[in-house]
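Novice: I'd like to ask you about the structure that follows.
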Amino acid sequence: MSQNEPKLLVFRPASRWICASLLAVALAGCEQSPREPQPDPNSQAIAPTPVASATQPRALPVLTRGDLVSAIGQAASDYASGVVYENADPLVGRSFSISVAFGCSGPVADPTESGDAPGLASWAWGPDRQTIELQMTPGDWAGTNLIAGSADAPDWEAVEGFWISRPWLASEACPQVRADPLAAGTVSPSPQSVGLAAVFEAGGSRLGRRNGRAYSYTVRAEGGAPLAAPTEGFRLVLEGRTNSFPDGRAIRCRASGPDQRPVCVVATILDRVAFQTADGSVLTQWRPG
């Protein structure tokens, strides 16, 4: 080779070093990619929270005695104030379950009596105080001024009434206020002003209609033990759905004058009537539907 001829330089070790470096970088990139999380064997699985569907409306809660008493109080105020409703009544079609305490002051003298008037439950001693007779006869309200005494009287074949005694009391228990033992004479109870009207459409089913017959039940002693008078009375349980009067409202109120407390009733379809003890034990029940 002549001295003027260019020489070819070969850098083999450098090329090997570059290739090795590129391979290391590639491997490092693979190792830094995200890995699948491994479950912790000591952790507890948490169920996902269900999401309510927008197409399924949330069920409304069942109305209690307190709910109905509050709604009826507002309806009485609106009636006395001359309020004219423009919107649909949200109370129509609601389910309810209420308990009416009765016999809180003791038994009635005559087992055939049903409290102060039809529509009120009562209890009385049976012969020789060996039994307790429970009784409730619904009132016949179809021809009353409250139901039929207006231009928009409903076309109902029958209306059976149940009074909600002591409507100022939201609780389902007996009142704890006792009569003053030093008071002279007997204090008469306030007139009934709040009730449930079980309505039956013309031409509809007659199942559940009492037609003047009482709901009744006999409490008997167990094992020969003498019966004791209940200190907290009994309970009349009413369950069903609210209906509506021809004006579209669930509650109708009427009063004979501006200084009289309005009498208000709720149109209903009864699904269940029951007698219970004060602690909630069911004695007997009827399912009119």
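Residue numbers start at 1 in each chain; chains themselves are named A, B, ... in the order of the structure tokens; ligands are numbered from 1 in the order shown.
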Within 6 Å of segment 267-275 of chain A, counting only C-alpha atoms, which residues show up once you throw out same-chain ones fewer than 2 positions away? Write them as a PyMOL selection string, please.
Specialist: chain A and resi 197-198+235-244+250+283-289
Novice: Export, as a PDB file, in the first residue's frame, the selected residues with N, CA and C atoms.
Specialist:
ATOM      1  N   ALA A 197    -112.541   8.198  54.796  1.00  0.00           N
ATOM      2  CA  ALA A 197    -113.741   7.742  54.120  1.00  0.00           C
ATOM      3  C   ALA A 197    -113.363   6.633  53.144  1.00  0.00           C
ATOM      4  N   ALA A 198    -113.746   5.400  53.459  1.00  0.00           N
ATOM      5  CA  ALA A 198    -113.516   4.281  52.549  1.00  0.00           C
ATOM      6  C   ALA A 198    -114.608   4.321  51.488  1.00  0.00           C
ATOM      7  N   ARG A 235    -105.447  -0.818  69.571  1.00  0.00           N
ATOM      8  CA  ARG A 235    -105.178  -0.045  68.375  1.00  0.00           C
ATOM      9  C   ARG A 235    -106.042  -0.555  67.224  1.00  0.00           C
ATOM     10  N   LEU A 236    -106.629   0.395  66.502  1.00  0.00           N
ATOM     11  CA  LEU A 236    -107.297   0.106  65.239  1.00  0.00           C
ATOM     12  C   LEU A 236    -106.343   0.523  64.127  1.00  0.00           C
ATOM     13  N   VAL A 237    -105.917  -0.424  63.302  1.00  0.00           N
ATOM     14  CA  VAL A 237    -104.959  -0.147  62.241  1.00  0.00           C
ATOM     15  C   VAL A 237    -105.706  -0.073  60.911  1.00  0.00           C
ATOM     16  N   LEU A 238    -105.449   0.986  60.163  1.00  0.00           N
ATOM     17  CA  LEU A 238    -106.076   1.206  58.859  1.00  0.00           C
ATOM     18  C   LEU A 238    -104.971   1.392  57.822  1.00  0.00           C
ATOM     19  N   GLU A 239    -105.032   0.611  56.752  1.00  0.00           N
ATOM     20  CA  GLU A 239    -104.030   0.697  55.701  1.00  0.00           C
ATOM     21  C   GLU A 239    -104.716   0.707  54.341  1.00  0.00           C
ATOM     22  N   GLY A 240    -104.127   1.430  53.412  1.00  0.00           N
ATOM     23  CA  GLY A 240    -104.693   1.488  52.069  1.00  0.00           C
ATOM     24  C   GLY A 240    -104.033   2.557  51.232  1.00  0.00           C
ATOM     25  N   ARG A 241    -104.821   3.128  50.302  1.00  0.00           N
ATOM     26  CA  ARG A 241    -104.335   4.179  49.404  1.00  0.00           C
ATOM     27  C   ARG A 241    -105.327   5.321  49.382  1.00  0.00           C
ATOM     28  N   THR A 242    -104.819   6.518  49.232  1.00  0.00           N
ATOM     29  CA  THR A 242    -105.701   7.675  49.152  1.00  0.00           C
ATOM     30  C   THR A 242    -106.347   7.737  47.781  1.00  0.00           C
ATOM     31  N   ASN A 243    -107.601   8.168  47.772  1.00  0.00           N
ATOM     32  CA  ASN A 243    -108.359   8.347  46.537  1.00  0.00           C
ATOM     33  C   ASN A 243    -108.552   9.850  46.330  1.00  0.00           C
ATOM     34  N   SER A 244    -109.497  10.254  45.514  1.00  0.00           N
ATOM     35  CA  SER A 244    -109.732  11.677  45.305  1.00  0.00           C
ATOM     36  C   SER A 244    -111.220  11.957  45.159  1.00  0.00           C
ATOM     37  N   ALA A 250    -107.526  14.933  47.603  1.00  0.00           N
ATOM     38  CA  ALA A 250    -107.684  13.759  48.461  1.00  0.00           C
ATOM     39  C   ALA A 250    -108.454  14.084  49.732  1.00  0.00           C
ATOM     40  N   LEU A 283    -104.207  -8.939  66.787  1.00  0.00           N
ATOM     41  CA  LEU A 283    -105.246  -9.796  67.347  1.00  0.00           C
ATOM     42  C   LEU A 283    -106.084 -10.426  66.227  1.00  0.00           C
ATOM     43  N   THR A 284    -106.478  -9.617  65.261  1.00  0.00           N
ATOM     44  CA  THR A 284    -107.217 -10.091  64.098  1.00  0.00           C
ATOM     45  C   THR A 284    -107.123  -9.021  63.028  1.00  0.00           C
ATOM     46  N   GLN A 285    -107.420  -9.430  61.784  1.00  0.00           N
ATOM     47  CA  GLN A 285    -107.345  -8.473  60.685  1.00  0.00           C
ATOM     48  C   GLN A 285    -108.298  -8.876  59.572  1.00  0.00           C
ATOM     49  N   TRP A 286    -108.651  -7.904  58.763  1.00  0.00           N
ATOM     50  CA  TRP A 286    -109.485  -8.092  57.591  1.00  0.00           C
ATOM     51  C   TRP A 286    -108.792  -7.432  56.406  1.00  0.00           C
ATOM     52  N   ARG A 287    -108.924  -8.062  55.254  1.00  0.00           N
ATOM     53  CA  ARG A 287    -108.385  -7.466  54.027  1.00  0.00           C
ATOM     54  C   ARG A 287    -109.539  -7.313  53.058  1.00  0.00           C
ATOM     55  N   PRO A 288    -110.163  -6.124  53.052  1.00  0.00           N
ATOM     56  CA  PRO A 288    -111.369  -5.926  52.246  1.00  0.00           C
ATOM     57  C   PRO A 288    -111.153  -6.176  50.766  1.00  0.00           C
ATOM     58  N   GLY A 289    -109.951  -5.901  50.257  1.00  0.00           N
ATOM     59  CA  GLY A 289    -109.709  -6.087  48.828  1.00  0.00           C
ATOM     60  C   GLY A 289    -109.474  -7.528  48.483  1.00  0.00           C
TER      61      GLY A 289
END
Novice: Give the strand (DSSP E or B) residues of segment 142-211 of chain A, as DSSP finds them on the backbone, and put them as a JSON list (two decimals) with C-alpha atoms, in the first residue's frame.
Specialist:
[["chain", "number", "residue", "atom", "x", "y", "z"],
["A", 156, "TRP", "CA", -120.03, 6.66, 44.97],
["A", 157, "GLU", "CA", -122.25, 3.73, 45.83],
["A", 158, "ALA", "CA", -121.17, 3.62, 49.47],
["A", 159, "VAL", "CA", -118.93, 5.57, 51.84],
["A", 160, "GLU", "CA", -117.90, 3.99, 55.16],
["A", 161, "GLY", "CA", -116.34, 6.34, 57.69],
["A", 162, "PHE", "CA", -113.62, 5.90, 60.31],
["A", 163, "TRP", "CA", -112.90, 8.75, 62.72],
["A", 194, "VAL", "CA", -110.96, 14.20, 61.10],
["A", 195, "GLY", "CA", -111.75, 10.92, 59.40],
["A", 196, "LEU", "CA", -111.00, 8.45, 56.65],
["A", 197, "ALA", "CA", -113.74, 7.74, 54.12],
["A", 198, "ALA", "CA", -113.52, 4.28, 52.55],
["A", 199, "VAL", "CA", -115.22, 4.83, 49.19],
["A", 200, "PHE", "CA", -116.84, 2.29, 46.87],
["A", 201, "GLU", "CA", -117.42, 3.22, 43.24]]
Novice: Could you check the closest approach to Arg213 of chain A for each of A:Met136, A:Ala121, A:Cys174, A:Ala255 and tell me which residue wins, using only C-alpha atoms?
Specialist: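 The answer is A:Met136, which sits nearest to Arg213 of chain A.
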Novice: What does the structure give for the distance between atom CA of Thr137 of chain A and atom CA of Gly119 of chain A, in Å to one decimal?
Specialist: 5.7 Å
Novice: Segment 130-277 of chain A: which residues are helix (DSSP H, G or I) by DSSP, as a list in words?
Specialist: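 Those in segment 130-277 of chain A that DSSP calls helix (DSSP H, G or I) are Asn145, Leu146, Ile147 and Ala148 of chain A.
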Novice: Excluding same-chain residues fewer than 2 positions from Asn145 of chain A, what lies within 12 Å of it counting only C-alpha atoms, as a list in words?
Specialist: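 So the residues in contact are Asp140, Trp141, Ala142, Gly143, Ile147, Ala148, Gly149, Ser150, Ala151, Asp152, Ala153, Pro154, Arg252, Cys253, Arg254, Ala255, Ser256, Val263, Cys264 and Val265 of chain A.
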Novice: Residues at most 12 Å from Trp125 of chain A, counting only C-alpha atoms, excluding those fewer than 3 positions away in the same chain, as a PyMOL selection string?
Specialist: chain A and resi 103+106-113+122+128-135+218-220+227-230
Novice: Would you write out those residues with C-alpha atoms, as a short mmCIF file (atom, residue, chain, number, x, y, z; two decimals), in the first residue's frame?
Specialist:
data_model
loop_
_atom_site.label_atom_id
_atom_site.label_comp_id
_atom_site.auth_asym_id
_atom_site.auth_seq_id
_atom_site.Cartn_x
_atom_site.Cartn_y
_atom_site.Cartn_z
CA GLY A 103 -110.11 2.45 74.92
CA GLY A 106 -111.21 2.17 79.89
CA PRO A 107 -114.19 0.18 78.63
CA VAL A 108 -117.63 1.37 77.59
CA ALA A 109 -120.54 0.26 79.72
CA ASP A 110 -122.41 -1.58 76.94
CA PRO A 111 -120.62 -3.98 74.54
CA THR A 112 -123.09 -3.01 71.80
CA GLU A 113 -121.95 0.60 71.93
CA SER A 122 -114.26 0.73 71.64
CA ASP A 128 -118.37 -12.06 84.20
CA ARG A 129 -115.31 -10.20 82.92
CA GLN A 130 -114.10 -13.40 81.28
CA THR A 131 -113.65 -11.80 77.87
CA ILE A 132 -112.98 -8.42 76.30
CA GLU A 133 -115.14 -7.43 73.34
CA LEU A 134 -113.58 -5.18 70.69
CA GLN A 135 -115.91 -3.45 68.27
CA THR A 218 -113.26 -11.32 71.40
CA VAL A 219 -110.16 -11.42 73.60
CA ARG A 220 -110.13 -14.53 75.79
CA LEU A 227 -108.08 -10.92 82.11
CA ALA A 228 -106.63 -7.57 83.10
CA ALA A 229 -107.78 -4.25 81.69
CA PRO A 230 -105.19 -2.87 79.26
#
Novice: Atom CA of Ala76 of chain A and atom CA of Pro262 of chain A, how far apart in Å?
Specialist: 5.9 Å
Novice: Between atom CA of Val282 of chain A and atom CA of Phe234 of chain A, measure the distance and give it in Å to one decimal.
Specialist: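 Those two atoms sit 10.3 Å apart.
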Novice: From the list A:Ala75, A:Val69, A:Ala214, A:Leu207, which residue is nearest Gly139 of chain A when using only C-alpha atoms?
Specialist: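 For Gly139 of chain A, the nearest of the given residues is A:Ala214.
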Novice: Using only C-alpha atoms, which of A:Gly66, A:Gly280, A:Gly82, A:Pro61 sits nearest Trp168 of chain A?
Specialist: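 Among the listed residues, A:Gly66 lies closest to Trp168 of chain A.
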Novice: Just checking: using only C-alpha atoms, which residue out of A:Cys104, A:Ile251, A:Val266, A:Ala88 ends up closest to Trp123 of chain A?
Specialist: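 Nearest candidate to Trp123 of chain A out of A:Cys104, A:Ile251, A:Val266, A:Ala88: A:Cys104.
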Novice: Counting only C-alpha atoms, which of A:Gln192, A:Gln260, A:Ser97, A:Thr64 gets nearest to Ile164 of chain A?
Specialist: A:Gln192
